[in-house]
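Asker: Okay, so here is entry31.pdb, and as you'll see once you scroll down, it has PDB, C-alpha atoms, pLDDT in the B column.
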ATOM      1  CA  MET C   1      26.229   0.023  11.029  1.00 74.00           C
ATOM      2  CA  GLY C   2      24.380  -2.831   9.355  1.00 82.00           C
ATOM      3  CA  ARG C   3      22.390  -2.504   6.178  1.00 82.00           C
ATOM      4  CA  CYS C   4      18.768  -1.389   6.221  1.00 86.00           C
ATOM      5  CA  ARG C   5      16.509  -4.415   5.854  1.00 88.00           C
ATOM      6  CA  VAL C   6      13.203  -2.546   5.566  1.00 91.00           C
ATOM      7  CA  VAL C   7      11.401  -3.048   2.241  1.00 93.00           C
ATOM      8  CA  ARG C   8      10.553   0.356   0.830  1.00 93.00           C
ATOM      9  CA  PRO C   9       7.026   0.274  -0.721  1.00 95.00           C
ATOM     10  CA  GLN C  10       7.853   0.753  -4.384  1.00 95.00           C
ATOM     11  CA  GLU C  11       5.545  -0.021  -7.325  1.00 96.00           C
ATOM     12  CA  VAL C  12       6.257  -1.413 -10.769  1.00 97.00           C
ATOM     13  CA  GLN C  13       3.926  -1.362 -13.776  1.00 98.00           C
ATOM     14  CA  LEU C  14       3.870  -4.508 -15.932  1.00 98.00           C
ATOM     15  CA  SER C  15       2.444  -4.622 -19.450  1.00 98.00           C
ATOM     16  CA  LEU C  16      -0.122  -7.191 -20.536  1.00 98.00           C
ATOM     17  CA  SER C  17      -1.513  -7.923 -23.984  1.00 97.00           C
ATOM     18  CA  ASP C  18      -3.976  -5.568 -25.736  1.00 97.00           C
ATOM     19  CA  GLY C  19      -2.617  -2.491 -23.970  1.00 97.00           C
ATOM     20  CA  ASP C  20      -3.636  -3.628 -20.495  1.00 98.00           C
ATOM     21  CA  TRP C  21      -1.350  -3.297 -17.487  1.00 98.00           C
ATOM     22  CA  ILE C  22      -1.050  -4.246 -13.844  1.00 98.00           C
ATOM     23  CA  ARG C  23       0.781  -2.364 -11.107  1.00 97.00           C
ATOM     24  CA  VAL C  24       2.502  -4.541  -8.517  1.00 98.00           C
ATOM     25  CA  LYS C  25       4.670  -4.276  -5.428  1.00 97.00           C
ATOM     26  CA  LYS C  26       8.331  -4.288  -6.342  1.00 97.00           C
ATOM     27  CA  ARG C  27       9.166  -6.574  -3.417  1.00 96.00           C
ATOM     28  CA  LEU C  28       7.213  -8.200  -0.631  1.00 96.00           C
ATOM     29  CA  THR C  29       7.875  -7.671   3.049  1.00 95.00           C
ATOM     30  CA  ALA C  30       8.302 -10.639   5.381  1.00 95.00           C
ATOM     31  CA  GLY C  31       4.726 -10.145   6.570  1.00 94.00           C
ATOM     32  CA  GLU C  32       3.369 -10.095   3.024  1.00 94.00           C
ATOM     33  CA  SER C  33       5.323 -13.262   2.160  1.00 93.00           C
ATOM     34  CA  ARG C  34       3.948 -15.057   5.208  1.00 93.00           C
ATOM     35  CA  GLU C  35       0.413 -13.941   4.352  1.00 92.00           C
ATOM     36  CA  GLN C  36       0.902 -15.276   0.821  1.00 91.00           C
ATOM     37  CA  PHE C  37       2.020 -18.654   2.160  1.00 88.00           C
ATOM     38  CA  SER C  38      -0.724 -18.822   4.786  1.00 88.00           C
ATOM     39  CA  ARG C  39      -3.392 -18.391   2.104  1.00 88.00           C
ATOM     40  CA  ILE C  40      -2.118 -21.485   0.254  1.00 87.00           C
ATOM     41  CA  VAL C  41      -1.991 -23.835   3.241  1.00 84.00           C
ATOM     42  CA  LYS C  42      -5.264 -25.356   4.419  1.00 78.00           C
ATOM     43  CA  ASP C  43      -5.873 -25.606   8.139  1.00 75.00           C
ATOM     44  CA  ALA C  44      -4.691 -28.894   9.581  1.00 74.00           C
ATOM     45  CA  PRO C  45      -6.671 -29.536  12.746  1.00 75.00           C
ATOM     46  CA  GLY C  46      -5.629 -32.146  15.274  1.00 76.00           C
ATOM     47  CA  GLY C  47      -2.016 -32.387  14.184  1.00 77.00           C
ATOM     48  CA  GLU C  48      -2.866 -33.514  10.663  1.00 81.00           C
ATOM     49  CA  ARG C  49      -0.364 -32.856   7.927  1.00 82.00           C
ATOM     50  CA  PRO C  50      -1.038 -29.465   6.255  1.00 79.00           C
ATOM     51  CA  THR C  51      -2.193 -29.587   2.645  1.00 83.00           C
ATOM     52  CA  LEU C  52      -2.139 -27.025  -0.141  1.00 82.00           C
ATOM     53  CA  SER C  53      -5.330 -25.439  -1.412  1.00 81.00           C
ATOM     54  CA  SER C  54      -5.490 -25.921  -5.179  1.00 78.00           C
ATOM     55  CA  MET C  55      -7.911 -22.972  -5.408  1.00 79.00           C
ATOM     56  CA  GLN C  56      -5.236 -20.703  -3.965  1.00 84.00           C
ATOM     57  CA  VAL C  57      -2.321 -21.797  -6.128  1.00 83.00           C
ATOM     58  CA  GLY C  58      -1.379 -18.851  -8.304  1.00 92.00           C
ATOM     59  CA  LEU C  59      -4.135 -16.682  -6.863  1.00 95.00           C
ATOM     60  CA  SER C  60      -2.230 -16.235  -3.641  1.00 95.00           C
ATOM     61  CA  ARG C  61       0.852 -14.972  -5.495  1.00 95.00           C
ATOM     62  CA  ILE C  62      -1.189 -12.465  -7.491  1.00 97.00           C
ATOM     63  CA  LEU C  63      -2.988 -11.261  -4.337  1.00 97.00           C
ATOM     64  CA  ALA C  64       0.344 -10.689  -2.631  1.00 97.00           C
ATOM     65  CA  TYR C  65       1.667  -8.420  -5.389  1.00 97.00           C
ATOM     66  CA  LEU C  66      -1.277  -6.761  -7.159  1.00 98.00           C
ATOM     67  CA  LEU C  67      -1.983  -3.064  -6.401  1.00 96.00           C
ATOM     68  CA  ASP C  68      -3.873  -1.786  -9.438  1.00 95.00           C
ATOM     69  CA  TRP C  69      -4.796  -2.694 -13.007  1.00 97.00           C
ATOM     70  CA  SER C  70      -6.509  -1.493 -16.172  1.00 97.00           C
ATOM     71  CA  LEU C  71      -8.891  -4.445 -16.640  1.00 97.00           C
ATOM     72  CA  VAL C  72     -12.482  -3.374 -17.341  1.00 95.00           C
ATOM     73  CA  ASP C  73     -15.923  -4.989 -17.543  1.00 94.00           C
ATOM     74  CA  ASP C  74     -18.195  -4.877 -20.605  1.00 94.00           C
ATOM     75  CA  LYS C  75     -19.277  -1.332 -19.672  1.00 93.00           C
ATOM     76  CA  GLY C  76     -15.697  -0.114 -19.571  1.00 93.00           C
ATOM     77  CA  VAL C  77     -15.629   0.176 -15.779  1.00 91.00           C
ATOM     78  CA  VAL C  78     -12.361  -0.865 -14.142  1.00 93.00           C
ATOM     79  CA  LEU C  79     -12.807  -4.078 -12.149  1.00 95.00           C
ATOM     80  CA  PRO C  80     -12.554  -3.231  -8.449  1.00 93.00           C
ATOM     81  CA  LEU C  81      -9.609  -4.180  -6.254  1.00 94.00           C
ATOM     82  CA  ARG C  82     -10.367  -1.895  -3.288  1.00 89.00           C
ATOM     83  CA  ASN C  83     -13.027  -1.621  -0.613  1.00 84.00           C
ATOM     84  CA  ALA C  84     -15.182   1.440   0.092  1.00 76.00           C
ATOM     85  CA  ARG C  85     -12.363   3.072   2.050  1.00 74.00           C
ATOM     86  CA  GLY C  86     -10.117   2.814  -1.001  1.00 80.00           C
ATOM     87  CA  GLU C  87      -7.882   0.189   0.574  1.00 84.00           C
ATOM     88  CA  ILE C  88      -6.714  -2.925  -1.245  1.00 88.00           C
ATOM     89  CA  ALA C  89      -9.049  -5.712  -0.085  1.00 92.00           C
ATOM     90  CA  ILE C  90      -8.347  -9.420  -0.547  1.00 94.00           C
ATOM     91  CA  ASP C  91     -12.034 -10.374  -0.893  1.00 95.00           C
ATOM     92  CA  VAL C  92     -12.654  -7.695  -3.538  1.00 96.00           C
ATOM     93  CA  MET C  93      -9.497  -8.640  -5.449  1.00 97.00           C
ATOM     94  CA  THR C  94     -10.378 -12.340  -5.297  1.00 96.00           C
ATOM     95  CA  ALA C  95     -13.872 -11.698  -6.664  1.00 96.00           C
ATOM     96  CA  SER C  96     -12.490  -9.650  -9.557  1.00 97.00           C
ATOM     97  CA  LEU C  97      -9.755 -12.184 -10.336  1.00 97.00           C
ATOM     98  CA  ASN C  98     -12.293 -15.013 -10.261  1.00 95.00           C
ATOM     99  CA  SER C  99     -14.468 -13.158 -12.771  1.00 96.00           C
ATOM    100  CA  ILE C 100     -11.876 -12.863 -15.548  1.00 97.00           C
ATOM    101  CA  ASP C 101     -11.220 -15.538 -18.190  1.00 97.00           C
ATOM    102  CA  PRO C 102      -8.616 -18.250 -17.465  1.00 96.00           C
ATOM    103  CA  GLU C 103      -6.253 -16.983 -20.176  1.00 97.00           C
ATOM    104  CA  SER C 104      -6.172 -13.503 -18.659  1.00 97.00           C
ATOM    105  CA  PHE C 105      -5.643 -14.964 -15.193  1.00 97.00           C
ATOM    106  CA  GLY C 106      -2.751 -17.022 -16.557  1.00 96.00           C
ATOM    107  CA  GLU C 107      -1.278 -13.974 -18.256  1.00 97.00           C
ATOM    108  CA  ILE C 108      -1.373 -11.988 -15.011  1.00 98.00           C
ATOM    109  CA  LEU C 109       0.155 -14.871 -13.062  1.00 96.00           C
ATOM    110  CA  SER C 110       2.944 -15.254 -15.626  1.00 97.00           C
ATOM    111  CA  ALA C 111       3.672 -11.530 -15.446  1.00 98.00           C
ATOM    112  CA  VAL C 112       3.832 -11.615 -11.633  1.00 97.00           C
ATOM    113  CA  GLU C 113       6.060 -14.719 -11.632  1.00 96.00           C
ATOM    114  CA  ALA C 114       8.423 -13.160 -14.176  1.00 97.00           C
ATOM    115  CA  HIS C 115       8.545  -9.995 -12.081  1.00 97.00           C
ATOM    116  CA  GLU C 116       9.266 -12.015  -8.927  1.00 96.00           C
ATOM    117  CA  ASP C 117      12.102 -13.869 -10.684  1.00 96.00           C
ATOM    118  CA  ALA C 118      13.557 -10.592 -11.961  1.00 96.00           C
ATOM    119  CA  MET C 119      13.455  -9.072  -8.475  1.00 94.00           C
ATOM    120  CA  ASP C 120      15.125 -12.168  -6.978  1.00 92.00           C
ATOM    121  CA  LYS C 121      17.916 -11.864  -9.534  1.00 93.00           C
ATOM    122  CA  GLU C 122      18.247  -8.125  -8.904  1.00 91.00           C
ATOM    123  CA  ARG C 123      18.464  -8.767  -5.173  1.00 87.00           C
ATOM    124  CA  GLU C 124      21.142 -11.423  -5.630  1.00 87.00           C
ATOM    125  CA  ALA C 125      23.120  -9.078  -7.871  1.00 87.00           C
ATOM    126  CA  GLU C 126      22.919  -6.323  -5.239  1.00 82.00           C
ATOM    127  CA  LYS C 127      24.164  -8.692  -2.555  1.00 78.00           C
ATOM    128  CA  ASN C 128      27.099  -9.675  -4.730  1.00 78.00           C
ATOM    129  CA  VAL C 129      28.037  -6.058  -5.424  1.00 76.00           C
ATOM    130  CA  THR C 130      27.475  -4.478  -2.020  1.00 66.00           C
ATOM    131  CA  GLY C 131      27.719  -7.448   0.244  1.00 57.00           C
ATOM    132  CA  GLY C 132      24.164  -6.979   1.393  1.00 50.00           C
ATOM    133  CA  GLY C 133      22.448  -4.135  -0.453  1.00 48.00           C
ATOM    134  CA  ASN C 134      20.920  -1.027   1.027  1.00 50.00           C
ATOM    135  CA  GLU C 135      17.463   0.035  -0.129  1.00 51.00           C
ATOM    136  CA  LEU C 136      16.990   2.878   2.313  1.00 50.00           C
ATOM    137  CA  PRO C 137      19.525   5.399   3.497  1.00 49.00           C
ATOM    138  CA  ALA C 138      20.809   4.519   6.931  1.00 44.00           C
ATOM    139  CA  THR C 139      19.587   7.886   8.167  1.00 47.00           C
ATOM    140  CA  SER C 140      16.135   7.779   6.627  1.00 46.00           C
ATOM    141  CA  PRO C 141      14.527  11.077   7.599  1.00 47.00           C
ATOM    142  CA  SER C 142      11.663  11.121  10.059  1.00 49.00           C
ATOM    143  CA  LEU C 143       8.747  13.480   9.615  1.00 50.00           C
ATOM    144  CA  VAL C 144       7.939  13.184  13.270  1.00 46.00           C
ATOM    145  CA  GLY C 145      11.466  14.138  14.165  1.00 39.00           C
ATOM    146  CA  LEU C 146      11.530  17.020  11.699  1.00 40.00           C
ATOM    147  CA  ALA C 147       8.311  18.372  13.083  1.00 39.00           C
ATOM    148  CA  GLY C 148       9.590  18.183  16.605  1.00 38.00           C
ATOM    149  CA  GLY C 149       6.541  16.256  17.688  1.00 39.00           C
ATOM    150  CA  THR C 150       5.985  12.802  18.955  1.00 39.00           C
ATOM    151  CA  SER C 151       4.254   9.911  17.349  1.00 40.00           C
ATOM    152  CA  GLY C 152       2.076   7.545  19.219  1.00 39.00           C
ATOM    153  CA  SER C 153      -0.676   5.049  18.889  1.00 39.00           C
ATOM    154  CA  PRO C 154      -4.066   5.605  20.436  1.00 38.00           C
ATOM    155  CA  SER C 155      -4.181   4.566  24.017  1.00 34.00           C
TER
ATOM    156  CA  MET K   1      -8.416  35.369   0.538  1.00 53.00           C
ATOM    157  CA  GLY K   2     -11.214  33.025   1.610  1.00 67.00           C
ATOM    158  CA  ARG K   3     -10.984  30.163   3.998  1.00 77.00           C
ATOM    159  CA  ALA K   4     -12.222  26.720   2.962  1.00 88.00           C
ATOM    160  CA  THR K   5     -12.713  23.565   4.960  1.00 92.00           C
ATOM    161  CA  LEU K   6     -12.948  20.012   3.707  1.00 93.00           C
ATOM    162  CA  ARG K   7     -14.272  17.321   6.004  1.00 95.00           C
ATOM    163  CA  GLY K   8     -14.792  13.580   5.877  1.00 94.00           C
ATOM    164  CA  PRO K   9     -15.509  10.529   8.020  1.00 93.00           C
ATOM    165  CA  GLN K  10     -12.388   8.510   7.198  1.00 93.00           C
ATOM    166  CA  ALA K  11      -9.099   8.729   5.329  1.00 94.00           C
ATOM    167  CA  VAL K  12      -5.622   7.294   5.384  1.00 95.00           C
ATOM    168  CA  ILE K  13      -2.015   8.455   5.386  1.00 97.00           C
ATOM    169  CA  ARG K  14       0.175   6.113   3.363  1.00 96.00           C
ATOM    170  CA  TRP K  15       3.872   5.442   2.991  1.00 96.00           C
ATOM    171  CA  GLY K  16       3.919   4.365  -0.652  1.00 95.00           C
ATOM    172  CA  TYR K  17       1.076   1.853  -0.919  1.00 93.00           C
ATOM    173  CA  GLN K  18       1.332   0.886   2.769  1.00 94.00           C
ATOM    174  CA  PRO K  19      -1.143   2.405   5.257  1.00 94.00           C
ATOM    175  CA  ALA K  20       0.759   4.346   7.911  1.00 96.00           C
ATOM    176  CA  VAL K  21      -2.109   5.979   9.816  1.00 97.00           C
ATOM    177  CA  ILE K  22      -5.790   5.067   9.552  1.00 95.00           C
ATOM    178  CA  LEU K  23      -7.839   8.163  10.254  1.00 96.00           C
ATOM    179  CA  GLY K  24     -11.368   8.651  11.521  1.00 95.00           C
ATOM    180  CA  PRO K  25     -13.157  11.998  11.143  1.00 97.00           C
ATOM    181  CA  TRP K  26     -10.840  14.584   9.584  1.00 97.00           C
ATOM    182  CA  SER K  27     -10.848  18.142   8.307  1.00 97.00           C
ATOM    183  CA  VAL K  28      -8.489  20.191   6.170  1.00 97.00           C
ATOM    184  CA  GLU K  29      -8.444  23.950   6.696  1.00 96.00           C
ATOM    185  CA  ASN K  30      -7.194  25.764   3.640  1.00 92.00           C
ATOM    186  CA  GLU K  31      -6.312  29.381   4.342  1.00 85.00           C
ATOM    187  CA  ALA K  32      -4.012  31.603   2.338  1.00 84.00           C
ATOM    188  CA  GLY K  33      -2.476  28.627   0.592  1.00 84.00           C
ATOM    189  CA  ARG K  34      -1.748  26.766   3.837  1.00 91.00           C
ATOM    190  CA  ARG K  35      -3.462  23.424   4.323  1.00 96.00           C
ATOM    191  CA  VAL K  36      -3.707  22.032   7.839  1.00 97.00           C
ATOM    192  CA  LEU K  37      -5.106  18.560   8.442  1.00 98.00           C
ATOM    193  CA  THR K  38      -6.577  17.621  11.808  1.00 98.00           C
ATOM    194  CA  ALA K  39      -7.955  14.143  12.376  1.00 98.00           C
ATOM    195  CA  SER K  40      -8.620  11.459  14.927  1.00 98.00           C
ATOM    196  CA  VAL K  41      -6.270   8.485  14.776  1.00 98.00           C
ATOM    197  CA  ILE K  42      -7.647   4.960  14.625  1.00 96.00           C
ATOM    198  CA  THR K  43      -4.398   3.023  14.160  1.00 96.00           C
ATOM    199  CA  THR K  44      -0.781   3.964  13.607  1.00 96.00           C
ATOM    200  CA  ASP K  45       2.088   1.912  12.193  1.00 96.00           C
ATOM    201  CA  GLN K  46       5.064   3.350  14.035  1.00 94.00           C
ATOM    202  CA  LEU K  47       7.663   2.423  11.440  1.00 94.00           C
ATOM    203  CA  ARG K  48       5.722   3.567   8.397  1.00 95.00           C
ATOM    204  CA  VAL K  49       4.673   6.882   9.931  1.00 96.00           C
ATOM    205  CA  SER K  50       8.325   7.729  10.562  1.00 95.00           C
ATOM    206  CA  GLN K  51       9.215   7.328   6.865  1.00 95.00           C
ATOM    207  CA  GLN K  52       9.024   9.681   3.882  1.00 94.00           C
ATOM    208  CA  PRO K  53       7.265  10.459   1.659  1.00 96.00           C
ATOM    209  CA  LEU K  54       3.841  10.230   3.288  1.00 98.00           C
ATOM    210  CA  THR K  55       0.609  10.990   1.428  1.00 97.00           C
ATOM    211  CA  PHE K  56      -2.805  11.944   2.813  1.00 97.00           C
ATOM    212  CA  ILE K  57      -5.455  10.141   0.769  1.00 95.00           C
ATOM    213  CA  VAL K  58      -9.210  10.624   0.657  1.00 94.00           C
ATOM    214  CA  SER K  59     -11.313   8.097  -1.278  1.00 88.00           C
ATOM    215  CA  ARG K  60     -14.305   9.654  -3.011  1.00 85.00           C
ATOM    216  CA  PRO K  61     -17.574   7.727  -3.483  1.00 78.00           C
ATOM    217  CA  SER K  62     -16.881   7.810  -7.235  1.00 74.00           C
ATOM    218  CA  GLY K  63     -13.730   5.746  -6.663  1.00 74.00           C
ATOM    219  CA  GLN K  64     -11.552   8.772  -7.349  1.00 82.00           C
ATOM    220  CA  MET K  65      -8.793   9.501  -4.841  1.00 88.00           C
ATOM    221  CA  TRP K  66      -7.629  12.891  -3.642  1.00 93.00           C
ATOM    222  CA  ARG K  67      -3.979  13.020  -2.596  1.00 95.00           C
ATOM    223  CA  TRP K  68      -1.888  15.557  -0.763  1.00 97.00           C
ATOM    224  CA  PRO K  69       1.763  15.198   0.252  1.00 98.00           C
ATOM    225  CA  VAL K  70       2.327  15.387   4.015  1.00 98.00           C
ATOM    226  CA  GLU K  71       4.959  17.984   4.873  1.00 97.00           C
ATOM    227  CA  THR K  72       4.963  17.838   8.660  1.00 97.00           C
ATOM    228  CA  LEU K  73       3.080  15.624  11.049  1.00 97.00           C
ATOM    229  CA  GLN K  74       2.454  15.392  14.777  1.00 97.00           C
ATOM    230  CA  ILE K  75       0.433  12.845  16.718  1.00 97.00           C
ATOM    231  CA  ALA K  76      -0.580  13.497  20.295  1.00 96.00           C
ATOM    232  CA  GLY K  77      -2.599  10.660  21.743  1.00 93.00           C
ATOM    233  CA  THR K  78      -5.456  10.095  19.309  1.00 95.00           C
ATOM    234  CA  GLN K  79      -5.204  13.493  17.598  1.00 97.00           C
ATOM    235  CA  LEU K  80      -3.194  14.088  14.449  1.00 98.00           C
ATOM    236  CA  THR K  81      -2.165  17.429  13.000  1.00 98.00           C
ATOM    237  CA  ALA K  82      -0.305  17.738   9.706  1.00 98.00           C
ATOM    238  CA  SER K  83       0.567  20.363   7.171  1.00 97.00           C
ATOM    239  CA  LEU K  84      -0.087  19.361   3.576  1.00 97.00           C
ATOM    240  CA  GLY K  85       1.451  20.366   0.278  1.00 96.00           C
ATOM    241  CA  PRO K  86      -0.592  21.200  -2.832  1.00 94.00           C
ATOM    242  CA  GLN K  87      -3.046  18.542  -4.000  1.00 93.00           C
ATOM    243  CA  GLU K  88      -1.423  16.095  -6.434  1.00 91.00           C
TER
END
I need this file expressed as structure tokens, please.
Answerer:
Amino acid sequence: MGRCRVVRPQEVQLSLSDGDWIRVKKRLTAGESREQFSRIVKDAPGGERPTLSSMQVGLSRILAYLLDWSLVDDKGVVLPLRNARGEIAIDVMTASLNSIDPESFGEILSAVEAHEDAMDKEREAEKNVTGGGNELPATSPSLVGLAGGTSGSPS
Amino acid sequence: MGRATLRGPQAVIRWGYQPAVILGPWSVENEAGRRVLTASVITTDQLRVSQQPLTFIVSRPSGQMWRWPVETLQIAGTQLTASLGPQE
């Protein structure tokens, strides 16, 4: 049986200066990586050559990874990253990231880039040791199966 | 022992930070220490919902989140029933 290629949604907390922190995805899925890339590339209508959006450079990488943080406004309220339903929302995250000072933005970006490099190295090391790695057990248990029910999407 | 019911208009079941099931109106019946969630399903991610651990999450207007571990789960059409562990 081949190795499991599903990215398990694990979180990692990274420290910033002055006691602040960010919590990020340990690794991105293929879908999350493609979303990150698609945010950087500007639309190229009529067969024009695609160009990169300078506004999205760096921001797109942070948006792909960021899950939570300790950053607060001048009233001590944590800057929002989620919408009213409590889900991570790109527009809310972008607004909060655009409101912080450039040094803090750079610090967050550096932390995310260092984390990404560390995860790439970890992944390479796993491949070298196991010949492919295995993040999930091959027989990952199924709640649906345990419960004896069936799962299904709304019809 | 008394019986208590919590209700809400929307909630989510997550696998880690990933949404597995987006829920519409839901209720949790708490009776004699057993918590049973019933809800209408808006969308389901088939892979994520088959993984463990799953967590039922309710976002409060204050920004606070209530979380319960999902112990068992069944989906029949657009109706979901799950048993929940103690609130985290």
Asker: Compute the set of chain K residues within 6 Å of chain C, using only C-alpha atoms, and express it as a PyMOL selection string.
Answerer: chain K and resi 16+44+50-51+59+72-75+77-78
Asker: Please determine the residues with any atom at most 9 Å from (-2.8, -4.8, -15.1) (coordinates as given in the file, with only C-alpha atoms counting) and report them as a PyMOL selection string.
Answerer: chain C and resi 13-16+20-24+66-71+108
Asker: Can you give me, as an MDAnalysis selection string, the residues this file yields under the PyMOL selection byres ((chain K and resi 8) around 7)?
Answerer: chainID K and resid 7 9:10 25:27
Asker: May I have the selected residues written with C-alpha atoms, as a PDB file, in the frame of the given file?
Answerer:
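Here's the written file again_23.pdb:
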ATOM      1  CA  ARG K   7     -14.272  17.321   6.004  1.00 95.00           C
ATOM      2  CA  PRO K   9     -15.509  10.529   8.020  1.00 93.00           C
ATOM      3  CA  GLN K  10     -12.388   8.510   7.198  1.00 93.00           C
ATOM      4  CA  PRO K  25     -13.157  11.998  11.143  1.00 97.00           C
ATOM      5  CA  TRP K  26     -10.840  14.584   9.584  1.00 97.00           C
ATOM      6  CA  SER K  27     -10.848  18.142   8.307  1.00 97.00           C
TER       7      SER K  27
END
Asker: One decimal, in Å: what's the spacing between atom CA of C:Ala125 and atom CA of C:Val112?
Answerer: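 If I compute the distance from atom CA of C:Ala125 to atom CA of C:Val112, I get 19.8 Å.
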Asker: On this structure, the PyMOL selection byres ((chain C and resi 58) around 10) would catch which residues? List them as a list in words, sorted by chain and number.
Answerer: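 Applying the PyMOL selection byres ((chain C and resi 58) around 10) to the structure shown produces Ile40, Ser54, Met55, Gln56, Val57, Leu59, Ser60, Arg61, Ile62, Leu63, Phe105, Gly106, Ile108, Leu109, Ser110, Val112 and Glu113 of chain C.
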Asker: Mind giving me the straight-line distance from atom CA of K:Leu80 to atom CA of K:Ala4 in Å, one decimal?
Answerer: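 So the two atoms, atom CA of K:Leu80 and atom CA of K:Ala4, lie 19.3 Å apart.
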Asker: Write out as a PDB file with C-alpha atoms, in the frame of the given file the residues lying within 10 Å of K:Gly85, counting only C-alpha atoms and excluding same-chain residues fewer than 6 positions away.
Answerer:
ATOM      1  CA  GLY K  33      -2.476  28.627   0.592  1.00 84.00           C
ATOM      2  CA  ARG K  34      -1.748  26.766   3.837  1.00 91.00           C
ATOM      3  CA  ARG K  35      -3.462  23.424   4.323  1.00 96.00           C
ATOM      4  CA  VAL K  36      -3.707  22.032   7.839  1.00 97.00           C
ATOM      5  CA  THR K  55       0.609  10.990   1.428  1.00 97.00           C
ATOM      6  CA  PHE K  56      -2.805  11.944   2.813  1.00 97.00           C
ATOM      7  CA  ARG K  67      -3.979  13.020  -2.596  1.00 95.00           C
ATOM      8  CA  TRP K  68      -1.888  15.557  -0.763  1.00 97.00           C
ATOM      9  CA  PRO K  69       1.763  15.198   0.252  1.00 98.00           C
ATOM     10  CA  VAL K  70       2.327  15.387   4.015  1.00 98.00           C
ATOM     11  CA  GLU K  71       4.959  17.984   4.873  1.00 97.00           C
ATOM     12  CA  THR K  72       4.963  17.838   8.660  1.00 97.00           C
TER      13      THR K  72
END
Asker: Just the residues within 8 Å of K:Ile13, please, counting all atoms listed in the file, with nothing from its chain fewer than 4 positions along; format it as a PyMOL selection string.
Answerer: chain K and resi 19-23+54-57
Asker: What does the structure give for the distance between atom CA of C:His115 and atom CA of C:Lys26, in Å to one decimal?
Answerer: 8.1 Å
Asker: Calculate, to one decimal in Å, the centre and edge lengths of the box along x, y and z of the file that holds all listed atoms of stretch 16-25 of chain K with 6 Å of margin on each side, and present them as AutoDock Vina command-line options.
Answerer:
--center_x -4.6 --center_y 6.4 --center_z 5.3 --size_x 29.1 --size_y 23.1 --size_z 24.4
Asker: Have a look at C:Arg27, C:Arg34, C:Arg49, C:Arg3 and name the one nearest to C:Lys121; count all atoms listed in the file.
Answerer: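 That would be C:Arg27, the residue with the smallest distance to C:Lys121.
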